[in-house]
$ cat protein-v6.csv   # CSV, C-alpha atoms and all ligand atoms
chain,number,residue,atom,x,y,z
A,258,ASN,CA,19.9,203.9,211.5
A,259,ARG,CA,16.8,205.8,212.5
A,260,ARG,CA,17.2,208.5,215.1
A,261,ILE,CA,14.9,211.2,216.6
A,262,VAL,CA,16.4,214.6,217.1
A,263,LEU,CA,15.3,217.8,218.8
A,264,ALA,CA,14.0,220.0,215.9
A,265,ALA,CA,12.8,222.9,218.0
A,266,ARG,CA,12.5,223.9,221.6
A,267,PRO,CA,8.9,223.3,222.7
A,268,GLN,CA,6.7,226.2,223.8
A,269,GLY,CA,4.5,224.4,226.4
A,270,LEU,CA,3.5,220.9,225.6
A,271,PRO,CA,5.9,219.4,223.0
A,272,GLN,CA,4.4,219.2,219.5
A,273,PRO,CA,5.2,216.8,216.7
A,274,GLY,CA,7.3,219.4,214.9
A,275,ASP,CA,9.6,219.7,217.9
A,276,PHE,CA,11.0,216.3,216.9
A,277,ARG,CA,12.5,215.0,213.6
A,278,LEU,CA,13.0,211.5,212.5
A,279,GLU,CA,16.3,211.2,210.6
A,280,HIS,CA,18.3,208.4,208.9
A,281,ALA,CA,22.0,208.3,209.5
A,282,PRO,CA,24.8,205.8,208.8
A,283,ILE,CA,25.5,203.1,211.4
A,284,PRO,CA,28.5,204.4,213.4
A,285,GLU,CA,31.8,202.4,213.8
A,286,PRO,CA,33.1,201.7,217.3
A,287,GLN,CA,36.6,202.9,218.1
A,288,GLU,CA,39.0,201.1,220.5
A,289,GLY,CA,37.3,200.8,223.9
A,290,GLN,CA,33.9,201.2,222.5
A,291,VAL,CA,31.0,199.0,221.5
A,292,LEU,CA,28.3,199.3,218.9
A,293,LEU,CA,24.8,198.9,220.4
A,294,HIS,CA,21.4,198.0,218.9
A,295,THR,CA,18.5,199.4,220.9
A,296,GLU,CA,15.9,196.9,222.1
A,297,TYR,CA,14.0,199.1,224.6
A,298,LEU,CA,14.0,202.8,225.1
A,299,SER,CA,12.9,204.4,228.4
A,300,LEU,CA,10.7,207.5,228.3
A,301,ASP,CA,10.9,209.7,231.4
A,302,PRO,CA,9.6,213.1,232.5
A,303,TYR,CA,13.1,214.6,232.9
A,304,MET,CA,13.6,214.5,229.2
A,305,ARG,CA,11.1,217.5,228.9
A,306,ASN,CA,13.5,219.6,231.0
A,307,LEU,CA,16.4,218.8,228.8
A,308,MET,CA,14.5,220.0,225.7
A,309,ASP,CA,14.6,223.6,227.2
A,310,GLU,CA,17.6,225.8,227.2
A,311,ILE,CA,18.7,225.4,230.8
A,312,GLY,CA,21.6,226.7,232.8
A,313,PRO,CA,24.1,224.4,234.5
A,314,GLY,CA,22.1,221.6,236.3
A,315,TYR,CA,22.2,217.9,236.8
A,316,ALA,CA,22.3,217.2,233.1
A,317,PRO,CA,23.0,219.4,230.0
A,318,SER,CA,20.2,220.6,227.6
A,319,VAL,CA,19.8,218.7,224.3
A,320,GLU,CA,21.3,220.7,221.5
A,321,LEU,CA,19.1,221.6,218.6
A,322,GLY,CA,19.5,218.8,216.1
A,323,GLY,CA,20.9,216.5,218.8
A,324,VAL,CA,19.6,213.0,219.4
A,325,MET,CA,17.0,212.9,222.2
A,326,PRO,CA,18.7,211.2,225.2
A,327,GLY,CA,17.4,208.3,227.2
A,328,GLY,CA,18.2,205.0,229.0
A,329,THR,CA,18.1,201.9,226.9
A,330,VAL,CA,18.3,198.1,227.0
A,331,SER,CA,20.7,197.5,224.1
A,332,ARG,CA,22.3,194.5,222.4
A,333,VAL,CA,26.0,194.6,221.8
A,334,VAL,CA,26.5,194.0,218.0
A,335,LYS,CA,30.2,194.8,217.8
A,336,SER,CA,32.7,195.1,220.6
A,337,ARG,CA,36.1,196.7,220.8
A,338,HIS,CA,36.1,196.5,224.6
A,339,PRO,CA,37.5,193.5,226.5
A,340,ASP,CA,34.6,193.3,228.9
A,341,TRP,CA,31.8,193.0,226.3
A,342,ARG,CA,31.1,190.3,223.9
A,343,GLU,CA,28.9,190.4,220.8
A,344,GLY,CA,25.3,189.3,221.6
A,345,GLY,CA,25.3,190.5,225.2
A,346,LEU,CA,22.5,192.6,226.6
A,347,VAL,CA,23.4,195.8,228.5
A,348,LEU,CA,21.9,198.8,230.2
A,349,ALA,CA,23.0,201.9,228.3
A,350,GLY,CA,22.1,205.5,227.5
A,351,ALA,CA,21.8,205.1,223.8
A,352,GLY,CA,19.0,207.6,223.4
A,353,TRP,CA,16.2,207.7,220.8
A,354,GLN,CA,17.9,205.8,218.0
A,355,ASP,CA,18.4,202.3,216.6
A,356,TYR,CA,22.2,202.2,216.8
A,357,ALA,CA,24.7,204.0,219.0
A,358,VAL,CA,28.4,203.6,220.0
A,359,ALA,CA,29.2,203.7,223.6
A,360,ASP,CA,32.2,203.7,225.9
A,361,GLY,CA,32.5,200.1,227.2
A,362,ALA,CA,33.0,201.5,230.7
A,363,SER,CA,29.6,203.1,230.8
A,364,LEU,CA,27.5,199.9,230.5
A,365,MET,CA,26.0,197.5,232.9
A,366,SER,CA,25.4,193.8,232.0
A,367,LEU,CA,21.8,192.5,231.9
A,368,ASP,CA,22.7,189.0,230.8
A,369,GLY,CA,20.5,186.4,232.4
A,370,MET,CA,17.6,188.8,233.2
A,371,ASP,CA,14.2,187.2,232.4
A,372,ARG,CA,12.6,190.6,231.7
A,373,PRO,CA,15.3,193.0,230.7
A,374,SER,CA,13.0,195.9,230.3
A,375,LEU,CA,12.7,195.9,234.1
A,376,ALA,CA,16.2,197.5,234.1
A,377,LEU,CA,14.5,200.7,233.0
A,378,GLY,CA,11.7,200.6,235.6
A,379,GLY,CA,11.0,198.2,238.4
A,380,LEU,CA,14.7,197.3,238.9
A,381,GLY,CA,16.1,200.5,237.5
A,382,MET,CA,16.2,204.2,237.9
A,383,PRO,CA,12.5,205.0,238.7
A,384,ALA,CA,12.1,202.3,241.3
A,385,PHE,CA,15.5,203.3,242.8
A,386,THR,CA,14.2,206.9,243.0
A,387,ALA,CA,11.2,205.7,244.9
A,388,HIS,CA,13.3,203.6,247.3
A,389,VAL,CA,15.8,206.4,248.1
A,390,GLY,CA,13.2,209.2,248.3
A,391,LEU,CA,10.7,207.3,250.4
A,392,LEU,CA,13.0,205.4,252.7
A,393,ASP,CA,15.9,207.7,253.2
A,394,ILE,CA,14.1,211.0,253.1
A,395,GLY,CA,10.4,210.2,253.7
A,396,GLN,CA,11.1,207.6,256.4
A,397,PRO,CA,7.5,206.4,256.8
A,398,GLN,CA,6.6,204.7,260.2
A,399,PRO,CA,4.0,202.0,260.6
A,400,GLY,CA,0.5,203.5,260.8
A,401,GLU,CA,1.6,206.9,259.2
A,402,THR,CA,-0.2,208.2,256.2
A,403,VAL,CA,1.8,208.5,253.0
A,404,VAL,CA,0.4,210.4,250.0
A,405,VAL,CA,1.8,210.1,246.5
A,406,ALA,CA,0.6,211.3,243.1
A,407,ALA,CA,1.2,209.9,239.6
A,408,ALA,CA,0.6,206.8,241.8
A,409,THR,CA,0.3,204.2,239.0
A,410,GLY,CA,3.4,205.6,237.3
A,411,ALA,CA,7.0,204.3,237.3
A,412,VAL,CA,8.0,206.1,240.5
A,413,GLY,CA,4.7,206.5,242.2
A,414,ALA,CA,3.5,202.9,242.1
A,415,MET,CA,6.8,201.9,243.7
A,416,VAL,CA,6.5,204.6,246.4
A,417,GLY,CA,3.0,203.4,247.4
A,418,GLN,CA,3.9,199.7,247.4
A,419,ILE,CA,7.1,200.1,249.4
A,420,ALA,CA,5.2,202.3,251.9
A,421,LYS,CA,2.6,199.5,252.3
A,422,LEU,CA,5.4,197.0,252.9
A,423,LYS,CA,6.7,199.3,255.7
A,424,GLY,CA,3.2,199.4,257.3
A,425,ALA,CA,2.0,202.8,256.3
A,426,ARG,CA,-1.4,203.8,255.1
A,427,VAL,CA,-1.2,204.8,251.5
A,428,VAL,CA,-3.4,207.3,249.6
A,429,GLY,CA,-2.7,207.4,245.8
A,430,ILE,CA,-3.6,210.3,243.6
A,431,VAL,CA,-4.2,209.3,239.9
A,432,GLY,CA,-5.8,210.5,236.7
A,433,GLY,CA,-8.9,208.4,235.9
A,434,ALA,CA,-11.1,205.6,237.1
A,435,ASP,CA,-9.0,202.7,235.6
A,436,LYS,CA,-5.9,203.9,237.4
A,437,ARG,CA,-7.9,204.2,240.6
A,438,ARG,CA,-9.2,200.6,240.3
A,439,TYR,CA,-5.7,199.3,239.6
A,440,ALA,CA,-4.1,201.1,242.5
A,441,LEU,CA,-6.7,199.8,244.9
A,442,GLU,CA,-7.1,196.3,243.6
A,443,GLU,CA,-3.7,195.4,242.3
A,444,LEU,CA,-1.3,197.6,244.2
A,445,GLY,CA,-3.2,197.4,247.5
A,446,PHE,CA,-3.4,201.1,248.3
A,447,ASP,CA,-5.8,202.1,251.0
A,448,ALA,CA,-7.5,204.9,249.1
A,449,THR,CA,-7.3,206.6,245.8
A,450,ILE,CA,-8.4,210.0,244.4
A,451,ASP,CA,-8.9,211.1,240.8
A,452,ARG,CA,-7.1,214.4,240.4
A,453,HIS,CA,-9.5,215.4,237.6
A,454,ASP,CA,-12.5,215.2,239.9
A,455,PRO,CA,-13.8,218.7,240.8
A,456,GLY,CA,-14.2,217.6,244.4
A,457,PHE,CA,-10.6,216.3,244.5
A,458,ALA,CA,-9.3,218.4,247.4
A,459,ARG,CA,-12.2,217.6,249.7
A,460,GLN,CA,-11.9,213.9,248.8
A,461,LEU,CA,-8.2,214.0,249.7
A,462,ALA,CA,-9.0,215.5,253.0
A,463,GLU,CA,-11.6,212.8,253.7
A,464,ALA,CA,-9.2,210.1,252.7
A,465,CYS,CA,-6.6,211.4,255.2
A,466,PRO,CA,-8.6,211.8,258.4
A,467,ASP,CA,-5.3,211.7,260.4
A,468,GLY,CA,-3.5,214.2,258.2
A,469,ILE,CA,-0.5,213.5,256.0
A,470,ASP,CA,2.9,212.4,257.5
A,471,VAL,CA,4.8,211.8,254.2
A,472,TYR,CA,4.0,213.6,251.0
A,473,PHE,CA,6.2,212.2,248.2
A,474,GLU,CA,6.2,215.1,245.7
A,475,ASN,CA,6.0,214.1,242.1
A,476,VAL,CA,3.7,216.6,240.6
A,477,GLY,CA,3.3,220.0,242.3
A,478,GLY,CA,0.4,222.2,240.9
A,479,ALA,CA,-3.1,221.6,242.2
A,480,VAL,CA,-2.2,218.4,244.0
A,481,LEU,CA,0.4,220.2,246.2
A,482,LEU,CA,-2.1,222.9,247.0
A,483,ALA,CA,-4.6,220.3,248.2
A,484,VAL,CA,-1.9,218.5,250.3
A,485,LEU,CA,-0.5,221.6,252.1
A,486,PRO,CA,-3.4,222.1,254.6
A,487,LEU,CA,-3.3,218.4,255.5
A,488,LEU,CA,0.3,218.1,256.4
A,489,ASN,CA,1.0,217.0,260.0
A,490,LEU,CA,3.5,218.4,262.4
A,491,ASN,CA,7.0,217.1,261.5
A,492,ALA,CA,5.8,215.9,258.1
A,493,ARG,CA,8.4,214.9,255.5
A,494,MET,CA,8.3,215.9,251.9
A,495,PRO,CA,10.8,214.2,249.5
A,496,VAL,CA,10.8,216.5,246.5
A,497,CYS,CA,11.2,214.2,243.6
A,498,GLY,CA,9.6,216.1,240.7
A,499,PHE,CA,6.9,218.6,239.7
A,500,ILE,CA,5.6,217.4,236.4
A,501,ALA,CA,2.5,219.7,236.4
A,502,HIS,CA,5.0,222.6,235.8
A,503,TYR,CA,7.4,221.0,233.2
A,504,ASN,CA,5.6,222.5,230.3
A,505,GLY,CA,5.8,226.0,231.8
A,506,GLY,CA,3.4,227.8,234.1
A,507,ALA,CA,1.7,230.0,231.4
A,508,ASP,CA,-1.2,227.7,231.0
A,509,LEU,CA,-1.8,227.1,234.7
A,510,PRO,CA,-5.0,228.6,236.2
A,511,VAL,CA,-4.2,231.8,238.0
A,512,ALA,CA,-5.2,230.2,241.3
A,513,GLU,CA,-2.3,227.8,240.9
A,514,GLN,CA,0.4,230.2,240.0
A,515,ASP,CA,1.9,231.8,243.1
A,516,HIS,CA,1.6,230.0,246.4
A,517,LEU,CA,5.0,230.6,247.7
A,518,PRO,CA,3.9,232.3,250.9
A,519,GLN,CA,1.5,229.5,251.7
A,520,LEU,CA,4.1,226.9,251.0
A,521,LEU,CA,6.7,228.6,253.2
A,522,ALA,CA,4.2,229.2,256.0
A,523,THR,CA,3.3,225.5,256.0
A,524,VAL,CA,6.9,224.4,256.0
A,525,LEU,CA,7.6,226.7,258.9
A,526,GLN,CA,4.6,226.2,261.1
A,527,LYS,CA,4.3,222.4,260.6
A,528,ARG,CA,8.2,222.0,260.9
A,529,VAL,CA,8.0,220.1,257.5
A,530,ARG,CA,11.3,218.6,256.4
A,531,MET,CA,11.4,219.1,252.7
A,532,GLN,CA,14.3,217.7,250.8
A,533,GLY,CA,15.0,217.6,247.1
A,534,PHE,CA,17.1,214.8,245.6
A,535,ILE,CA,18.5,213.7,242.2
A,536,ILE,CA,18.8,210.0,241.9
A,537,LEU,CA,22.1,210.2,239.9
A,538,ASP,CA,23.9,211.1,243.2
A,539,HIS,CA,22.9,207.8,244.9
A,540,TYR,CA,24.4,205.1,242.6
A,541,GLY,CA,27.1,202.9,244.1
A,542,PRO,CA,26.5,200.8,247.2
A,543,ARG,CA,23.0,202.3,247.8
A,544,PHE,CA,21.9,201.0,244.3
A,545,ASP,CA,23.2,197.5,245.1
A,546,ALA,CA,21.2,197.5,248.3
A,547,PHE,CA,18.1,198.6,246.4
A,548,GLN,CA,18.5,195.9,243.8
A,549,ARG,CA,18.9,193.2,246.4
A,550,GLU,CA,15.8,194.2,248.3
A,551,MET,CA,13.7,194.9,245.2
A,552,SER,CA,14.6,191.7,243.4
A,553,ALA,CA,13.5,189.7,246.5
A,554,TRP,CA,10.2,191.7,246.6
A,555,LEU,CA,9.5,191.1,242.9
A,556,ALA,CA,10.4,187.4,243.1
A,557,ALA,CA,8.0,187.0,246.1
A,558,ASP,CA,5.3,189.0,244.2
A,559,ARG,CA,5.2,191.5,247.0
A,560,ILE,CA,5.6,194.3,244.5
A,561,LYS,CA,4.0,194.5,241.1
A,562,VAL,CA,5.3,196.2,238.0
A,563,ARG,CA,3.1,197.4,235.2
A,564,GLU,CA,4.8,198.5,231.9
A,565,ASP,CA,3.2,200.5,229.2
A,566,VAL,CA,5.0,199.3,226.1
A,567,VAL,CA,4.7,201.3,222.9
A,568,GLN,CA,5.8,199.5,219.7
A,569,GLY,CA,8.2,201.3,217.3
A,570,LEU,CA,10.7,204.2,217.7
A,571,GLU,CA,8.7,206.4,215.4
A,572,HIS,CA,5.9,206.5,218.1
A,573,ALA,CA,8.3,207.8,220.8
A,574,PRO,CA,7.4,211.5,220.4
A,575,ASP,CA,3.7,210.9,220.7
A,576,ALA,CA,4.1,208.5,223.6
A,577,PHE,CA,6.4,211.0,225.4
A,578,THR,CA,3.8,213.8,224.9
A,579,GLY,CA,1.2,211.4,226.4
A,580,LEU,CA,3.4,210.9,229.4
A,581,LEU,CA,3.3,214.6,230.2
A,582,GLN,CA,-0.5,214.5,230.1
A,583,GLY,CA,-1.1,211.2,232.0
A,584,ARG,CA,-1.9,209.0,228.9
A,585,ASN,CA,0.7,206.4,230.1
A,586,PHE,CA,-0.5,203.7,232.4
A,587,GLY,CA,2.6,202.2,234.1
A,588,LYS,CA,6.3,202.6,233.3
A,589,LEU,CA,6.5,203.9,229.7
A,590,VAL,CA,9.0,202.1,227.4
A,591,VAL,CA,9.3,201.9,223.7
A,592,LYS,CA,10.0,198.5,222.1
A,593,VAL,CA,12.5,199.6,219.4
A,594,ALA,CA,13.9,196.4,217.9
B,1,LIG,P1,5.0,208.5,235.5
B,1,LIG,O1,5.2,207.1,234.9
B,1,LIG,O2,4.4,208.7,236.8
B,1,LIG,O3,4.3,209.4,234.4
B,1,LIG,C1,3.9,210.7,234.6
B,1,LIG,C2,2.6,210.8,235.3
B,1,LIG,O4,2.4,212.1,235.9
B,1,LIG,C3,1.4,210.8,234.4
B,1,LIG,O5,1.0,209.5,234.0
B,1,LIG,C4,0.3,211.4,235.2
B,1,LIG,O6,-0.3,210.5,236.0
B,1,LIG,C5,1.1,212.4,236.1
B,1,LIG,N1,0.8,213.8,235.6
B,1,LIG,C6,1.0,214.3,234.4
B,1,LIG,N2,0.7,215.6,234.4
B,1,LIG,C7,0.2,215.9,235.6
B,1,LIG,C8,-0.3,217.1,236.2
B,1,LIG,N3,-0.4,218.3,235.6
B,1,LIG,N4,-0.7,217.0,237.5
B,1,LIG,C9,-0.6,215.9,238.2
B,1,LIG,N5,-0.1,214.7,237.7
B,1,LIG,C10,0.3,214.8,236.4
B,1,LIG,O7,6.5,209.2,235.5
B,1,LIG,P2,7.7,208.8,236.5
B,1,LIG,O8,7.2,207.9,237.5
B,1,LIG,O9,8.8,208.5,235.6
B,1,LIG,O10,8.1,210.2,237.2
B,1,LIG,C11,7.3,210.7,238.3
B,1,LIG,C12,8.0,212.0,238.8
B,1,LIG,O11,9.3,211.6,239.3
B,1,LIG,C13,8.3,213.1,237.8
B,1,LIG,O12,8.0,214.3,238.4
B,1,LIG,C14,9.7,212.9,237.5
B,1,LIG,O13,10.3,214.1,237.0
B,1,LIG,C15,10.3,212.5,238.8
B,1,LIG,N6,11.6,211.8,238.9
B,1,LIG,C16,12.6,212.4,239.6
B,1,LIG,C17,13.8,211.8,239.7
B,1,LIG,C18,14.8,212.4,240.6
B,1,LIG,O14,16.0,212.0,240.5
B,1,LIG,N7,14.5,213.4,241.4
B,1,LIG,C19,14.1,210.5,239.0
B,1,LIG,C20,12.9,210.0,238.3
B,1,LIG,C21,11.7,210.6,238.2
B,1,LIG,P3,-1.9,210.5,236.3
B,1,LIG,O15,-2.6,210.8,235.1
B,1,LIG,O16,-2.2,209.2,236.9
B,1,LIG,O17,-2.1,211.6,237.3
$ encode --input "protein-v6.csv" --output "structure tokens"
Amino acid sequence: NRRIVLAARPQGLPQPGDFRLEHAPIPEPQEGQVLLHTEYLSLDPYMRNLMDEIGPGYAPSVELGGVMPGGTVSRVVKSRHPDWREGGLVLAGAGWQDYAVADGASLMSLDGMDRPSLALGGLGMPAFTAHVGLLDIGQPQPGETVVVAAATGAVGAMVGQIAKLKGARVVGIVGGADKRRYALEELGFDATIDRHDPGFARQLAEACPDGIDVYFENVGGAVLLAVLPLLNLNARMPVCGFIAHYNGGADLPVAEQDHLPQLLATVLQKRVRMQGFIILDHYGPRFDAFQREMSAWLAADRIKVREDVVQGLEHAPDAFTGLLQGRNFGKLVVKVA
């Protein structure tokens, strides 16, 4: 049983030495538990935050020496729970390892799914995040301009495509020419900007001649600064994440460090409605509604899902570091088994 543990708390971008690959005995399930074999592991930006020592929040920090956490598509190999049979496929949180035991009550069945890895992306947490953040908080109206960054990623690609289905004009911010082409040609966005281009802020202004009505915040940093002057009166800003800051602010250019007064002035003067949200709060009936709508969109090919599949658990640390730098192209998953 291979497992990847947190060896050291990263200083800035995680380094290979911050992770350690270990071998451990395969655990035995107790009454009410099942033994799971990981097929796919989801890699997501929030994991970077859990590597730091953090105070009470929405999830606890990973202990030093603890297995890196994560959502998985797993196969039940032994069951001591009445609801689960051996051979069944489930959505679990088995983390970065081959085998794990789990409480039978914590699992969701994926039997009958054609593409089970979608449970980690297009029909799972990231797409649900886009659905709740955009529709419940952003509330885009037909003809309005929606801007989203990390726009070919797990959350961003869904935000942009759902906004298009709701009749909005969508401007996607991405890293690199290939992602730009994909967002325009495959996802159907109206305009795209490369965040690495030195003329990026000017290009964003040109791409938003009527200003910005909904800015779905995934990244913070230089992108947020370019967005602020373009926000319209009564704009909405669902605050989903700020990945540009997850590795700490120490390496940010000085010009990006303190813009609090500018942010507050914009929120005040433009009457911006800014609302943070954590997707864990929204499971239950809201998740069922999302799944129904998204399944129909996927079946009708009205929404596309691109996965970036990395082969082998041992490559998870490098792939994860790549996610924090924009090396992934689509929802990042590791094929473990
Ligand atoms: P993605 O698949 O979009 O991957 C991350 C992307 O972020 C990279 O590919 C890169 O895209 C972009 N990026 C990386 N560094 C920077 C930077 N310095 N500045 C601008 N962009 C950068 O990840 P997810 O879709 O899974 O997550 C997107 C956001 O949503 C994250 O902030 C995450 O924390 C948040 N989130 C929040 C949830 C909640 O409950 N609130 C739930 C799930 C996700 P590119 O190179 O194309 O710019």
$ residues_around --input "protein-v6.csv" --residues "Ala434 in chain A" --least-positions-apart "3" --cutoff "8 Å" --atoms "all atoms listed in the file" --output "mmCIF file with C-alpha atoms, in the frame of the given file"
data_model
loop_
_atom_site.group_PDB
_atom_site.id
_atom_site.type_symbol
_atom_site.label_atom_id
_atom_site.label_comp_id
_atom_site.auth_asym_id
_atom_site.auth_seq_id
_atom_site.Cartn_x
_atom_site.Cartn_y
_atom_site.Cartn_z
ATOM 1 C CA ARG A 437 -7.900 204.200 240.600
ATOM 2 C CA ARG A 438 -9.200 200.600 240.300
ATOM 3 C CA ASP A 451 -8.900 211.100 240.800
#
$ closest_residue --input "protein-v6.csv" --among "A:Ala351, A:Val324, A:Ile430, A:Ala384" --to "Val593 in chain A" --atoms "all atoms listed in the file"
A:Ala351
$ closest_residue --input "protein-v6.csv" --among "A:Arg459, A:Lys335, A:Arg543, A:His453" --to "ligand LIG 1 (chain B)" --atoms "all atoms listed in the file"
A:His453
$ residues_near_ligand --input "protein-v6.csv" --ligand "ligand LIG 1 (chain B)" --cutoff "6 Å" --atoms "all atoms listed in the file" --output "JSON, numbers by chain"
{"A": [301, 302, 303, 383, 386, 407, 409, 410, 411, 412, 413, 431, 432, 475, 476, 497, 498, 499, 500, 501, 534, 535, 536, 580, 581, 582, 583, 584, 585, 587, 588]}
$ residues_around --input "protein-v6.csv" --residues "Pro486 in chain A" --least-positions-apart "4" --cutoff "9 Å" --atoms "only C-alpha atoms" --output "VMD selection string"
chain A and resid 462 468 482 523
$ residues_around --input "protein-v6.csv" --residues "range 367-380 of chain A" --least-positions-apart "4" --cutoff "8 Å" --atoms "all atoms listed in the file" --output "PyMOL selection string"
chain A and resi 297+299+328-330+345-348+384-385+411+415+548+551-552+562+588+590
$ closest_residue --input "protein-v6.csv" --among "A:Gly429, A:Gly478, A:Gly381, A:Gly541" --to "Tyr503 in chain A" --atoms "only C-alpha atoms"
A:Gly478
$ decode --input "protein-v6.csv" --residues "range 266-283 of chain A" --atoms "C-alpha atoms" --output "short mmCIF file (atom, residue, chain, number, x, y, z; two decimals), in the first residue's frame"
data_model
loop_
_atom_site.label_atom_id
_atom_site.label_comp_id
_atom_site.auth_asym_id
_atom_site.auth_seq_id
_atom_site.Cartn_x
_atom_site.Cartn_y
_atom_site.Cartn_z
CA ARG A 266 5.36 22.39 5.56
CA PRO A 267 6.12 24.17 2.26
CA GLN A 268 7.74 27.57 2.17
CA GLY A 269 6.11 29.07 -0.92
CA LEU A 270 5.60 26.67 -3.82
CA PRO A 271 5.69 23.02 -2.58
CA GLN A 272 8.97 21.22 -3.31
CA PRO A 273 9.49 17.46 -3.85
CA GLY A 274 10.96 17.17 -0.32
CA ASP A 275 7.71 18.40 1.21
CA PHE A 276 6.15 15.04 0.24
CA ARG A 277 7.25 11.47 1.06
CA LEU A 278 6.18 8.22 -0.60
CA GLU A 279 5.77 5.47 2.02
CA HIS A 280 4.78 1.82 2.02
CA ALA A 281 2.36 0.62 4.70
CA PRO A 282 0.35 -2.55 5.35
CA ILE A 283 -3.12 -2.71 3.79
#
